[in-house]
file query.cif (mmCIF, C-alpha atoms)
data_coords
loop_
_atom_site.label_atom_id
_atom_site.label_comp_id
_atom_site.auth_asym_id
_atom_site.auth_seq_id
_atom_site.Cartn_x
_atom_site.Cartn_y
_atom_site.Cartn_z
CA MET A 270 -71.24 4.37 61.22
CA VAL A 271 -72.12 0.84 60.30
CA MET A 272 -72.27 0.18 56.61
CA MET A 273 -75.11 -2.01 55.55
CA LYS A 274 -74.58 -5.00 53.31
CA LYS A 275 -76.73 -3.30 50.70
CA ASP A 276 -74.33 -0.36 50.55
CA TYR A 277 -71.45 -2.66 49.75
CA GLY A 278 -73.63 -4.16 47.05
CA LYS A 279 -74.26 -0.72 45.61
CA LEU A 280 -70.56 0.19 45.71
CA TRP A 281 -69.71 -3.07 43.99
CA THR A 282 -72.26 -2.40 41.22
CA LEU A 283 -70.86 1.12 40.88
CA PHE A 284 -67.30 -0.17 40.60
CA ARG A 285 -68.22 -2.92 38.14
CA SER A 286 -70.21 -0.51 35.95
CA MET A 287 -67.47 2.13 35.84
CA PHE A 288 -64.81 -0.50 35.16
CA ALA A 289 -66.74 -1.93 32.20
CA LEU A 290 -67.61 1.49 30.76
CA SER A 291 -64.09 2.79 31.13
CA ALA A 292 -62.61 -0.29 29.46
CA CYS A 293 -64.74 0.42 26.39
CA THR A 294 -64.35 4.18 26.13
CA PHE A 295 -62.58 4.56 22.84
CA GLY A 296 -62.57 8.12 21.60
CA GLY A 297 -62.72 10.62 24.41
CA GLY A 298 -64.82 12.00 27.22
CA PHE A 299 -68.21 12.32 25.59
CA VAL A 300 -68.24 8.64 24.72
CA ILE A 301 -68.19 7.71 28.38
CA VAL A 302 -70.91 10.28 29.09
CA SER A 303 -73.15 8.51 26.58
CA LEU A 304 -72.35 5.15 28.14
CA MET A 305 -72.92 6.49 31.67
CA LYS A 306 -76.28 7.89 30.60
CA LYS A 307 -77.37 4.49 29.29
CA LYS A 308 -76.10 2.66 32.38
CA PHE A 309 -77.01 4.96 35.28
CA VAL A 310 -80.11 6.69 33.89
CA GLU A 311 -81.76 4.07 31.70
CA GLU A 312 -80.62 0.79 33.20
CA LEU A 313 -80.06 1.32 36.93
CA HIS A 314 -82.29 4.43 37.36
CA TRP A 315 -79.77 5.90 39.81
CA LEU A 316 -79.75 9.31 38.13
CA GLU A 317 -82.21 11.50 36.27
CA GLU A 318 -81.48 12.51 32.72
CA ASP A 319 -81.23 16.25 33.41
CA GLU A 320 -78.91 15.46 36.31
CA MET A 321 -76.61 13.58 33.92
CA LEU A 322 -76.52 16.63 31.62
CA ASP A 323 -75.78 18.96 34.53
CA VAL A 324 -72.97 16.70 35.67
CA THR A 325 -71.56 16.74 32.14
CA ALA A 326 -71.61 20.54 32.06
CA ILE A 327 -69.86 20.71 35.43
CA THR A 328 -67.22 18.14 34.51
CA GLN A 329 -66.54 19.85 31.21
CA SER A 330 -65.84 23.14 32.97
CA SER A 331 -63.61 21.74 35.71
CA PRO A 332 -59.96 20.80 35.21
CA GLY A 333 -58.91 17.19 34.78
CA PRO A 334 -60.03 14.26 32.65
CA LEU A 335 -63.77 14.33 31.97
CA PRO A 336 -64.45 10.67 32.87
CA VAL A 337 -62.65 11.06 36.20
CA ASN A 338 -64.55 14.26 36.99
CA ALA A 339 -67.84 12.62 36.10
CA SER A 340 -67.08 9.59 38.29
CA VAL A 341 -66.29 11.82 41.26
CA ILE A 342 -69.66 13.58 41.03
CA ILE A 343 -71.77 10.54 40.16
CA GLY A 344 -70.02 8.44 42.82
CA TYR A 345 -70.67 11.20 45.38
CA ARG A 346 -74.34 11.30 44.42
CA ILE A 347 -74.73 7.55 44.77
CA ALA A 348 -72.72 6.85 47.93
CA GLY A 349 -70.92 9.96 49.20
CA VAL A 350 -67.13 10.20 49.33
CA ALA A 351 -66.82 6.41 49.43
CA GLY A 352 -68.82 6.34 46.21
CA SER A 353 -66.49 8.90 44.61
CA LEU A 354 -63.43 6.85 45.48
CA THR A 355 -65.07 3.65 44.24
CA ALA A 356 -66.13 5.24 40.95
CA ILE A 357 -62.67 6.75 40.36
CA SER A 358 -61.01 3.38 40.95
CA GLY A 359 -63.32 1.73 38.45
CA THR A 360 -62.61 4.45 35.90
CA ILE A 361 -58.82 4.55 36.10
CA LEU A 362 -58.00 0.87 36.58
CA PRO A 363 -58.74 -0.32 33.01
CA PRO A 364 -56.54 2.29 31.27
CA MET A 365 -53.83 1.79 33.89
CA ILE A 366 -53.76 -1.97 33.36
CA ILE A 367 -54.02 -1.80 29.57
CA ILE A 368 -51.38 0.92 29.13
CA SER A 369 -49.00 -0.69 31.62
CA ILE A 370 -49.05 -3.86 29.55
CA ILE A 371 -48.82 -2.05 26.22
CA SER A 372 -45.98 0.22 27.32
CA LEU A 373 -43.81 -2.87 27.64
CA PHE A 374 -44.20 -3.85 23.97
CA TYR A 375 -45.82 -0.98 22.17
CA ASP A 376 -43.93 -1.42 18.90
CA GLN A 377 -45.67 -4.73 18.25
CA PHE A 378 -48.98 -3.27 19.36
CA ARG A 379 -48.77 -0.28 17.06
CA ALA A 380 -47.71 -2.32 14.04
CA ASN A 381 -50.43 -4.99 14.33
CA PRO A 382 -52.83 -4.68 11.34
CA TYR A 383 -55.69 -6.53 13.07
CA ILE A 384 -55.66 -4.16 16.02
CA ALA A 385 -55.55 -1.19 13.66
CA ALA A 386 -58.53 -2.54 11.68
CA ALA A 387 -60.57 -3.30 14.81
CA LEU A 388 -59.94 0.17 16.21
CA GLN A 389 -60.92 1.84 12.95
CA VAL A 390 -64.20 -0.11 12.63
CA MET A 391 -65.01 0.29 16.31
CA ARG A 392 -65.46 4.01 15.65
CA ALA A 393 -68.60 3.19 13.66
CA GLY A 394 -69.99 1.30 16.68
CA VAL A 395 -69.01 4.07 19.09
CA ALA A 396 -70.65 6.66 16.82
CA ALA A 397 -73.84 4.56 16.78
CA VAL A 398 -73.92 4.48 20.60
CA ILE A 399 -73.49 8.26 20.81
CA PHE A 400 -76.17 8.89 18.15
CA ASP A 401 -78.57 6.61 19.99
CA VAL A 402 -78.14 8.70 23.14
CA VAL A 403 -78.25 12.00 21.25
CA ILE A 404 -81.54 11.11 19.53
CA ASP A 405 -83.19 10.72 22.95
CA LEU A 406 -81.54 13.81 24.44
CA ALA A 407 -82.29 16.08 21.48
CA GLY A 408 -85.86 14.78 21.43
CA ASN A 409 -86.25 15.87 25.02
CA VAL A 410 -84.88 19.34 24.27
CA LEU A 411 -87.45 19.64 21.47
CA LYS A 412 -90.19 18.54 23.89
CA THR A 413 -89.48 21.52 26.16
CA ARG A 414 -90.98 23.60 23.28
CA ARG A 415 -88.79 26.52 24.35
CA VAL A 416 -87.47 28.23 21.23
CA LEU A 417 -84.50 29.57 23.22
CA TYR A 418 -83.33 26.06 24.14
CA ILE A 419 -83.80 24.66 20.65
CA VAL A 420 -81.93 27.57 19.04
CA MET A 421 -79.15 27.24 21.64
CA MET A 422 -78.79 23.55 20.92
CA ILE A 423 -78.45 24.11 17.17
CA ALA A 424 -76.14 27.11 17.60
CA ALA A 425 -73.93 25.21 20.04
CA PHE A 426 -73.66 22.29 17.61
CA VAL A 427 -72.67 24.56 14.72
CA ALA A 428 -70.19 26.44 16.91
CA THR A 429 -68.44 23.38 18.27
CA TYR A 430 -68.59 21.06 15.27
CA LEU A 431 -68.18 23.37 12.31
CA LEU A 432 -66.40 26.35 13.84
CA ASP A 433 -64.17 24.52 16.35
CA VAL A 434 -65.21 26.72 19.28
CA SER A 435 -64.03 25.10 22.52
CA ALA A 436 -66.58 23.19 24.58
CA MET A 437 -65.64 25.14 27.68
CA LEU A 438 -66.40 28.47 25.98
CA ILE A 439 -69.79 27.20 24.81
CA ILE A 440 -70.75 26.09 28.31
CA LEU A 441 -69.67 29.44 29.76
CA ALA A 442 -71.67 31.30 27.10
CA CYS A 443 -74.74 29.23 27.96
CA LEU A 444 -74.16 29.91 31.63
CA GLY A 445 -74.31 33.61 30.72
CA ILE A 446 -77.51 33.11 28.72
CA GLY A 447 -78.99 31.14 31.63
CA LEU A 448 -78.20 33.96 34.06
CA ALA A 449 -79.70 36.51 31.67
CA ASP A 450 -82.78 34.31 31.32
CA LEU A 451 -83.06 34.26 35.11
CA PHE A 452 -82.95 38.04 35.48
CA ILE A 453 -84.79 39.13 32.33
CA THR A 454 -87.80 36.85 32.66
CA PRO A 455 -88.38 36.68 36.42
CA GLY A 456 -92.16 36.23 36.25
CA ARG A 457 -91.92 33.10 34.14
CA LYS A 458 -93.11 29.88 35.66
CA ARG A 459 -90.24 27.49 35.29
CA GLU A 460 -91.47 24.24 36.78
CA GLY A 461 -92.32 21.70 34.12
CA GLY A 462 -90.42 23.71 31.53
CA TRP A 463 -87.84 20.98 31.35
CA HIS A 464 -89.11 17.53 30.47
CA LYS A 465 -90.25 14.94 32.97
CA CYS A 466 -90.78 11.88 30.91
CA MET B 299 -36.01 12.58 42.84
CA LEU B 300 -37.44 11.41 39.54
CA ILE B 301 -40.59 9.91 40.95
CA LEU B 302 -41.50 13.08 42.86
CA LYS B 303 -40.83 15.19 39.77
CA LEU B 304 -43.26 12.97 37.90
CA PHE B 305 -45.84 13.26 40.64
CA PHE B 306 -45.74 17.07 40.63
CA ALA B 307 -45.65 17.23 36.85
CA PHE B 308 -48.90 15.27 36.67
CA ILE B 309 -50.55 17.24 39.45
CA GLN B 310 -50.06 20.27 37.22
CA VAL B 311 -51.42 18.40 34.21
CA GLY B 312 -54.50 17.44 36.24
CA LEU B 313 -54.94 20.94 37.57
CA PHE B 314 -54.55 22.90 34.36
CA SER B 315 -56.06 20.66 31.69
CA VAL B 316 -59.44 22.31 31.41
CA GLY B 317 -61.71 21.19 28.60
CA GLY B 318 -60.82 17.54 28.45
CA GLY B 319 -58.85 15.14 26.29
CA TYR B 320 -56.95 16.95 23.62
CA ALA B 321 -56.46 20.10 25.69
CA ALA B 322 -54.23 18.02 27.95
CA ILE B 323 -51.73 16.99 25.26
CA PRO B 324 -49.73 20.25 24.97
CA LEU B 325 -49.72 20.49 28.75
CA ILE B 326 -48.29 17.01 29.18
CA GLN B 327 -45.72 17.75 26.51
CA GLU B 328 -44.73 20.95 28.31
CA GLN B 329 -44.24 19.13 31.61
CA ILE B 330 -42.66 15.89 30.43
CA VAL B 331 -40.64 16.96 27.40
CA ASN B 332 -39.86 20.65 27.83
CA ILE B 333 -39.62 21.31 31.56
CA TYR B 334 -38.40 18.04 33.03
CA GLY B 335 -36.85 16.49 29.91
CA LEU B 336 -38.15 13.06 30.91
CA MET B 337 -38.91 11.94 27.34
CA SER B 338 -37.85 12.85 23.83
CA LEU B 339 -40.36 14.37 21.43
CA GLU B 340 -40.38 11.11 19.44
CA GLU B 341 -41.19 9.01 22.47
CA PHE B 342 -43.87 11.53 23.28
CA SER B 343 -45.55 11.17 19.89
CA ASP B 344 -45.49 7.37 20.36
CA LEU B 345 -47.21 7.95 23.65
CA ILE B 346 -49.98 10.01 22.03
CA THR B 347 -50.50 7.34 19.36
CA VAL B 348 -50.88 4.63 21.98
CA ALA B 349 -53.07 6.82 24.19
CA GLU B 350 -55.43 7.46 21.29
CA MET B 351 -55.62 3.78 20.35
CA THR B 352 -56.55 2.56 23.81
CA PRO B 353 -59.62 3.20 25.96
CA GLY B 354 -59.52 5.71 28.78
CA PRO B 355 -58.80 9.42 29.24
CA ILE B 356 -55.69 10.64 27.47
CA SER B 357 -54.12 12.16 30.58
CA ILE B 358 -54.54 8.93 32.59
CA ASN B 359 -53.11 6.98 29.67
CA SER B 360 -50.13 9.33 29.45
CA ALA B 361 -49.56 9.26 33.19
CA THR B 362 -49.52 5.47 33.15
CA PHE B 363 -47.29 5.26 30.07
CA VAL B 364 -44.76 7.81 31.32
CA GLY B 365 -44.79 6.36 34.83
CA MET B 366 -44.26 2.80 33.60
CA ARG B 367 -41.42 3.67 31.25
CA LEU B 368 -39.56 5.87 33.71
CA ALA B 369 -40.25 4.31 37.10
CA GLY B 370 -42.18 1.03 36.79
CA ILE B 371 -45.33 0.24 38.78
CA PRO B 372 -44.65 2.82 41.55
CA GLY B 373 -44.32 5.38 38.76
CA VAL B 374 -47.67 4.36 37.32
CA LEU B 375 -49.38 4.71 40.68
CA LEU B 376 -47.86 8.08 41.57
CA CYS B 377 -48.35 9.66 38.14
CA THR B 378 -51.98 8.58 37.98
CA LEU B 379 -52.57 9.71 41.53
CA GLY B 380 -51.07 13.10 40.72
CA CYS B 381 -53.30 13.36 37.69
CA ILE B 382 -56.55 12.70 39.58
CA ILE B 383 -55.94 14.52 42.89
CA PRO B 384 -56.93 17.96 41.54
CA SER B 385 -60.03 16.51 39.82
CA PHE B 386 -61.06 14.72 42.94
CA CYS B 387 -60.81 17.76 45.24
CA ILE B 388 -62.42 20.22 42.85
CA CYS B 389 -65.25 17.98 41.67
CA LEU B 390 -66.09 16.85 45.19
CA ILE B 391 -66.62 20.48 46.20
CA LEU B 392 -68.66 21.18 43.05
CA ALA B 393 -70.73 18.02 43.60
CA HIS B 394 -71.47 19.10 47.16
CA PHE B 395 -72.76 22.50 46.06
CA TYR B 396 -74.59 21.12 43.05
CA TYR B 397 -76.61 18.69 45.16
CA LYS B 398 -77.19 21.28 47.84
CA TYR B 399 -78.62 23.92 45.54
CA ARG B 400 -79.84 22.14 42.45
CA SER B 401 -83.51 22.15 43.44
CA VAL B 402 -83.52 25.95 43.86
CA SER B 403 -85.63 27.25 40.96
CA GLY B 404 -83.15 29.97 39.91
CA VAL B 405 -80.37 27.39 39.74
CA GLN B 406 -82.67 25.20 37.64
CA THR B 407 -83.14 28.05 35.16
CA VAL B 408 -79.42 28.52 34.74
CA LEU B 409 -78.73 24.78 34.49
CA GLY B 410 -81.64 24.43 32.06
CA ALA B 411 -79.91 26.81 29.68
CA MET B 412 -76.73 24.74 29.78
CA ARG B 413 -78.39 21.40 29.02
CA PRO B 414 -79.14 22.01 25.31
CA ALA B 415 -75.47 22.96 24.89
CA VAL B 416 -74.33 19.72 26.51
CA VAL B 417 -76.58 17.76 24.12
CA ALA B 418 -74.94 19.66 21.24
CA LEU B 419 -71.45 18.89 22.57
CA ILE B 420 -72.21 15.18 22.80
CA ALA B 421 -73.71 15.27 19.29
CA SER B 422 -70.61 17.01 18.01
CA ALA B 423 -68.32 14.38 19.54
CA GLY B 424 -70.49 11.70 17.92
CA ALA B 425 -70.34 13.43 14.53
CA SER B 426 -66.54 13.74 14.70
CA ILE B 427 -66.12 10.07 15.53
CA LEU B 428 -68.56 9.11 12.77
CA MET B 429 -66.62 11.15 10.20
CA LEU B 430 -63.37 9.54 11.35
CA GLY B 431 -65.01 6.13 11.08
CA LEU B 432 -66.62 6.65 7.67
CA PHE B 433 -64.04 8.82 5.92
CA GLN B 434 -60.95 8.69 8.15
CA ALA B 435 -61.05 12.48 7.98
CA GLU B 436 -62.32 15.53 9.83
CA ILE B 437 -65.45 17.29 8.52
CA HIS B 438 -63.44 19.97 6.72
CA GLU B 439 -61.62 17.46 4.55
CA VAL B 440 -64.35 14.89 3.84
CA VAL B 441 -64.46 13.58 0.26
CA LEU B 442 -67.78 11.79 -0.27
CA SER B 443 -66.44 9.20 -2.70
CA ASN B 444 -63.98 8.00 -0.05
CA ILE B 445 -66.77 6.61 2.10
CA ARG B 446 -65.93 3.28 3.72
CA VAL B 447 -68.88 0.99 3.02
CA VAL B 448 -68.09 -1.59 5.73
CA GLU B 449 -68.04 1.09 8.44
CA LEU B 450 -71.23 2.66 7.09
CA GLY B 451 -72.96 -0.73 7.18
CA ILE B 452 -71.78 -1.40 10.72
CA PHE B 453 -72.93 2.04 11.85
CA ILE B 454 -76.43 1.53 10.43
CA VAL B 455 -76.81 -2.00 11.82
CA ALA B 456 -75.46 -0.90 15.23
CA LEU B 457 -77.83 2.07 15.44
CA PHE B 458 -80.74 -0.16 14.42
CA LEU B 459 -79.88 -2.74 17.11
CA LEU B 460 -79.59 0.00 19.74
CA ARG B 461 -82.85 1.75 18.86
CA LYS B 462 -85.00 -1.27 18.11
CA PHE B 463 -83.69 -3.96 20.46
CA LYS B 464 -81.92 -1.91 23.16
CA VAL B 465 -78.80 -4.03 22.77
CA ASN B 466 -76.15 -3.32 25.40
CA ALA B 467 -73.85 -0.47 24.31
CA ILE B 468 -70.64 -2.24 25.32
CA MET B 469 -71.67 -5.28 23.25
CA ILE B 470 -72.24 -2.95 20.30
CA ILE B 471 -68.79 -1.33 20.58
CA LEU B 472 -66.89 -4.59 21.00
CA GLY B 473 -69.12 -6.40 18.48
CA SER B 474 -68.51 -3.76 15.81
CA GLY B 475 -64.74 -4.11 16.30
CA VAL B 476 -64.89 -7.90 15.93
CA ALA B 477 -67.37 -7.86 13.02
CA GLY B 478 -65.34 -5.28 11.11
CA THR B 479 -62.06 -7.10 11.57
CA VAL B 480 -63.60 -10.36 10.37
CA ILE B 481 -65.14 -8.67 7.31
CA TYR B 482 -61.87 -6.96 6.39
CA ALA B 483 -59.95 -10.19 6.91
CA PHE B 484 -62.33 -12.03 4.54
CA MET B 485 -62.00 -9.26 1.97
CA GLY B 486 -58.28 -9.80 2.20
CA SER B 487 -57.50 -6.20 2.99
CA ILE B 488 -55.64 -6.80 6.24
#

call {"tool": "encode", "arguments": {"input": "query.cif", "output": "structure tokens"}}
result
Amino acid sequence: MVMMKKDYGKLWTLFRSMFALSACTFGGGFVIVSLMKKKFVEELHWLEEDEMLDVTAITQSSPGPLPVNASVIIGYRIAGVAGSLTAISGTILPPMIIISIISLFYDQFRANPYIAAALQVMRAGVAAVIFDVVIDLAGNVLKTRRVLYIVMMIAAFVATYLLDVSAMLIILACLGIGLADLFITPGRKREGGWHKC
Amino acid sequence: MLILKLFFAFIQVGLFSVGGGYAAIPLIQEQIVNIYGLMSLEEFSDLITVAEMTPGPISINSATFVGMRLAGIPGVLLCTLGCIIPSFCICLILAHFYYKYRSVSGVQTVLGAMRPAVVALIASAGASILMLGLFQAEIHEVVLSNIRVVELGIFIVALFLLRKFKVNAIMIILGSGVAGTVIYAFMGSI
């Protein structure tokens, strides 16, 4: 198989994007999901929004680090196995480089007040990015006008945020509800139920 | 051999850490401290501090840190590789089936029910980080009068820039770090 020049271009964009996102992912897996949504759905239009949410659900329920899982699936979608490998490389290189350097002099790193201050304030910026994404996503759930979905969204938020129920358990419960929905309401017309906007 | 021990230890971390980030910590501790005795508990808590302060998944950060300290660059490469091999195999299979069957209407119904939950999970992660940013505390222990005004200001300005002007998210994250440090330095509290 001959790879076209364009494919290399796509792989390079994929690598560059993942590298930049990964280098800025302070604060866990869902931060990178928000960043990926902005990059791949809104900016590059490589993925659809519901696809991004599906990928998140899958990555959350499979073992391993969430950003790595998400890069495998998104990379596969964009350019097959080569895409997966490219996306993984982009995701793991920044932490590998940064931690390798820090591990050599981590006492100085940990004690530096400027770094501590920057990391503390950066949380406010990270939270703003996540809220920006959530406002769009929640708006789209409301637009489905399905009471079931809206109630599930609120219940899942209360369960995970206030009651500390694990994310995995919530996704499995919703999988159960989805299956029940499938068998209990078979006559329902489903197309167009989820947003297309 | 040390380096092979490390490799297999991190394959197990990668394989059994379901549920992301913090779920992986006890698992890494089990492998590195308890089973193989490759680090002391104190070194391990240093590792977690550093892993939390730097970007990237906690298990990749740990793999790199442990690998570097115990076996240099080859250690870094093997530990990280061990950590991602299970993810790679499992997610590739899942991706294959997802893209094969996702347009089936029954599959859409089931996936549709999971999407609102994912939105809630992302919102919850955002709320946790916001509470840490504004109060340096989890929701259960928030005291309203402890609110950090600088962080609150940065959050509001950042959200405004994102919504109104679609400013690049990476610029927002890095910019908030720089802006905050400068403000705190001027206030003389660093």

call {"tool": "closest_residue", "arguments": {"input": "query.cif", "among": "A:Ser303, A:Thr282, A:Ser330, A:Ser369", "to": "Leu345 of chain B", "atoms": "all atoms listed in the file"}}
result
A:Ser369

call {"tool": "residues_around", "arguments": {"input": "query.cif", "residues": "segment 441-450 of chain A", "least_positions_apart": "2", "cutoff": "8 Å", "atoms": "only C-alpha atoms", "output": "list in words"}}
result
Met421, Met437, Leu438, Ile439, Phe452, Ile453, Thr454 and Pro455 of chain A; Thr407, Val408, Leu409, Gly410, Ala411, Met412 and Ala415 of chain B

call {"tool": "atom_distance", "arguments": {"input": "query.cif", "atom1": "atom CA of Tyr334 of chain B", "atom2": "atom CA of Leu300 of chain B"}}
result
9.3 Å

call {"tool": "closest_residue", "arguments": {"input": "query.cif", "among": "B:Val402, B:Leu472, B:Leu339, B:Ile330", "to": "chain A", "atoms": "only C-alpha atoms"}}
result
B:Leu472

call {"tool": "resolve_selection", "arguments": {"input": "query.cif", "expression": "the PyMOL selection byres ((chain B and resi 385) around 8)", "output": "list in words"}}
result
Ser331, Pro332, Gly333, Pro334, Val337, Asn338 and Val341 of chain A; Gly312, Leu313, Cys381, Ile382, Ile383, Pro384, Phe386, Cys387, Ile388 and Cys389 of chain B

call {"tool": "closest_residue", "arguments": {"input": "query.cif", "among": "B:Leu379, B:Ala393, B:Ala435, B:Val440", "to": "chain A", "atoms": "only C-alpha atoms"}}
result
B:Ala393

call {"tool": "resolve_selection", "arguments": {"input": "query.cif", "expression": "the PyMOL selection byres ((chain B and resi 452) around 10)", "output": "list of chain:residue names"}}
result
A:Val390, A:Met391, A:Arg392, A:Ala393, A:Gly394, A:Ala397, B:Val447, B:Val448, B:Glu449, B:Leu450, B:Gly451, B:Phe453, B:Ile454, B:Val455, B:Ala456, B:Leu457, B:Phe458, B:Ile470, B:Gly473, B:Ser474, B:Gly475, B:Ala477, B:Gly478

call {"tool": "write_last_selection", "arguments": {"input": "query.cif", "atoms": "C-alpha atoms", "output": "CSV table (one decimal), in the coordinates of the input"}}
result
chain,number,residue,atom,x,y,z
A,390,VAL,CA,-64.2,-0.1,12.6
A,391,MET,CA,-65.0,0.3,16.3
A,392,ARG,CA,-65.5,4.0,15.6
A,393,ALA,CA,-68.6,3.2,13.7
A,394,GLY,CA,-70.0,1.3,16.7
A,397,ALA,CA,-73.8,4.6,16.8
B,447,VAL,CA,-68.9,1.0,3.0
B,448,VAL,CA,-68.1,-1.6,5.7
B,449,GLU,CA,-68.0,1.1,8.4
B,450,LEU,CA,-71.2,2.7,7.1
B,451,GLY,CA,-73.0,-0.7,7.2
B,453,PHE,CA,-72.9,2.0,11.8
B,454,ILE,CA,-76.4,1.5,10.4
B,455,VAL,CA,-76.8,-2.0,11.8
B,456,ALA,CA,-75.5,-0.9,15.2
B,457,LEU,CA,-77.8,2.1,15.4
B,458,PHE,CA,-80.7,-0.2,14.4
B,470,ILE,CA,-72.2,-3.0,20.3
B,473,GLY,CA,-69.1,-6.4,18.5
B,474,SER,CA,-68.5,-3.8,15.8
B,475,GLY,CA,-64.7,-4.1,16.3
B,477,ALA,CA,-67.4,-7.9,13.0
B,478,GLY,CA,-65.3,-5.3,11.1

call {"tool": "closest_residue", "arguments": {"input": "query.cif", "among": "A:Glu318, A:Glu312, A:Asp276, A:Asp401", "to": "chain B", "atoms": "all atoms listed in the file"}}
result
A:Asp401

call {"tool": "decode", "arguments": {"input": "query.cif", "residues": "segment 412-432 of chain B", "atoms": "N, CA and C atoms", "output": "PDB file, in the first residue's frame"}}
result
ATOM      1  N   MET B 412     -25.787   6.407  27.333  1.00  0.00           N
ATOM      2  CA  MET B 412     -24.539   6.614  28.065  1.00  0.00           C
ATOM      3  C   MET B 412     -24.013   8.045  27.924  1.00  0.00           C
ATOM      4  N   ARG B 413     -24.421   8.722  26.851  1.00  0.00           N
ATOM      5  CA  ARG B 413     -23.863  10.062  26.600  1.00  0.00           C
ATOM      6  C   ARG B 413     -24.178  11.085  27.694  1.00  0.00           C
ATOM      7  N   PRO B 414     -25.445  11.153  28.176  1.00  0.00           N
ATOM      8  CA  PRO B 414     -25.700  12.136  29.244  1.00  0.00           C
ATOM      9  C   PRO B 414     -24.810  11.876  30.465  1.00  0.00           C
ATOM     10  N   ALA B 415     -24.530  10.599  30.746  1.00  0.00           N
ATOM     11  CA  ALA B 415     -23.685  10.270  31.890  1.00  0.00           C
ATOM     12  C   ALA B 415     -22.267  10.774  31.674  1.00  0.00           C
ATOM     13  N   VAL B 416     -21.773  10.641  30.448  1.00  0.00           N
ATOM     14  CA  VAL B 416     -20.418  11.126  30.158  1.00  0.00           C
ATOM     15  C   VAL B 416     -20.352  12.644  30.348  1.00  0.00           C
ATOM     16  N   VAL B 417     -21.403  13.346  29.887  1.00  0.00           N
ATOM     17  CA  VAL B 417     -21.440  14.801  30.090  1.00  0.00           C
ATOM     18  C   VAL B 417     -21.362  15.103  31.587  1.00  0.00           C
ATOM     19  N   ALA B 418     -22.123  14.329  32.385  1.00  0.00           N
ATOM     20  CA  ALA B 418     -22.122  14.540  33.838  1.00  0.00           C
ATOM     21  C   ALA B 418     -20.741  14.262  34.435  1.00  0.00           C
ATOM     22  N   LEU B 419     -20.067  13.238  33.943  1.00  0.00           N
ATOM     23  CA  LEU B 419     -18.734  12.906  34.461  1.00  0.00           C
ATOM     24  C   LEU B 419     -17.741  14.031  34.161  1.00  0.00           C
ATOM     25  N   ILE B 420     -17.823  14.571  32.946  1.00  0.00           N
ATOM     26  CA  ILE B 420     -16.912  15.663  32.593  1.00  0.00           C
ATOM     27  C   ILE B 420     -17.230  16.876  33.468  1.00  0.00           C
ATOM     28  N   ALA B 421     -18.538  17.154  33.658  1.00  0.00           N
ATOM     29  CA  ALA B 421     -18.936  18.284  34.501  1.00  0.00           C
ATOM     30  C   ALA B 421     -18.415  18.100  35.920  1.00  0.00           C
ATOM     31  N   SER B 422     -18.500  16.874  36.408  1.00  0.00           N
ATOM     32  CA  SER B 422     -18.051  16.600  37.765  1.00  0.00           C
ATOM     33  C   SER B 422     -16.546  16.821  37.917  1.00  0.00           C
ATOM     34  N   ALA B 423     -15.785  16.391  36.909  1.00  0.00           N
ATOM     35  CA  ALA B 423     -14.337  16.617  36.936  1.00  0.00           C
ATOM     36  C   ALA B 423     -14.058  18.114  36.950  1.00  0.00           C
ATOM     37  N   GLY B 424     -14.820  18.873  36.130  1.00  0.00           N
ATOM     38  CA  GLY B 424     -14.649  20.320  36.081  1.00  0.00           C
ATOM     39  C   GLY B 424     -14.966  20.957  37.430  1.00  0.00           C
ATOM     40  N   ALA B 425     -16.059  20.502  38.060  1.00  0.00           N
ATOM     41  CA  ALA B 425     -16.458  21.069  39.348  1.00  0.00           C
ATOM     42  C   ALA B 425     -15.398  20.782  40.416  1.00  0.00           C
ATOM     43  N   SER B 426     -14.838  19.570  40.409  1.00  0.00           N
ATOM     44  CA  SER B 426     -13.794  19.239  41.393  1.00  0.00           C
ATOM     45  C   SER B 426     -12.593  20.149  41.238  1.00  0.00           C
ATOM     46  N   ILE B 427     -12.160  20.320  39.970  1.00  0.00           N
ATOM     47  CA  ILE B 427     -10.982  21.151  39.730  1.00  0.00           C
ATOM     48  C   ILE B 427     -11.271  22.601  40.114  1.00  0.00           C
ATOM     49  N   LEU B 428     -12.504  23.058  39.830  1.00  0.00           N
ATOM     50  CA  LEU B 428     -12.864  24.430  40.183  1.00  0.00           C
ATOM     51  C   LEU B 428     -12.819  24.631  41.703  1.00  0.00           C
ATOM     52  N   MET B 429     -13.357  23.660  42.446  1.00  0.00           N
ATOM     53  CA  MET B 429     -13.341  23.760  43.909  1.00  0.00           C
ATOM     54  C   MET B 429     -11.903  23.784  44.426  1.00  0.00           C
ATOM     55  N   LEU B 430     -11.047  22.923  43.846  1.00  0.00           N
ATOM     56  CA  LEU B 430      -9.637  22.912  44.248  1.00  0.00           C
ATOM     57  C   LEU B 430      -8.990  24.253  43.940  1.00  0.00           C
ATOM     58  N   GLY B 431      -9.347  24.829  42.788  1.00  0.00           N
ATOM     59  CA  GLY B 431      -8.780  26.104  42.390  1.00  0.00           C
ATOM     60  C   GLY B 431      -9.254  27.249  43.286  1.00  0.00           C
ATOM     61  N   LEU B 432     -10.569  27.273  43.579  1.00  0.00           N
ATOM     62  CA  LEU B 432     -11.131  28.412  44.303  1.00  0.00           C
ATOM     63  C   LEU B 432     -10.977  28.303  45.817  1.00  0.00           C
TER      64      LEU B 432
END
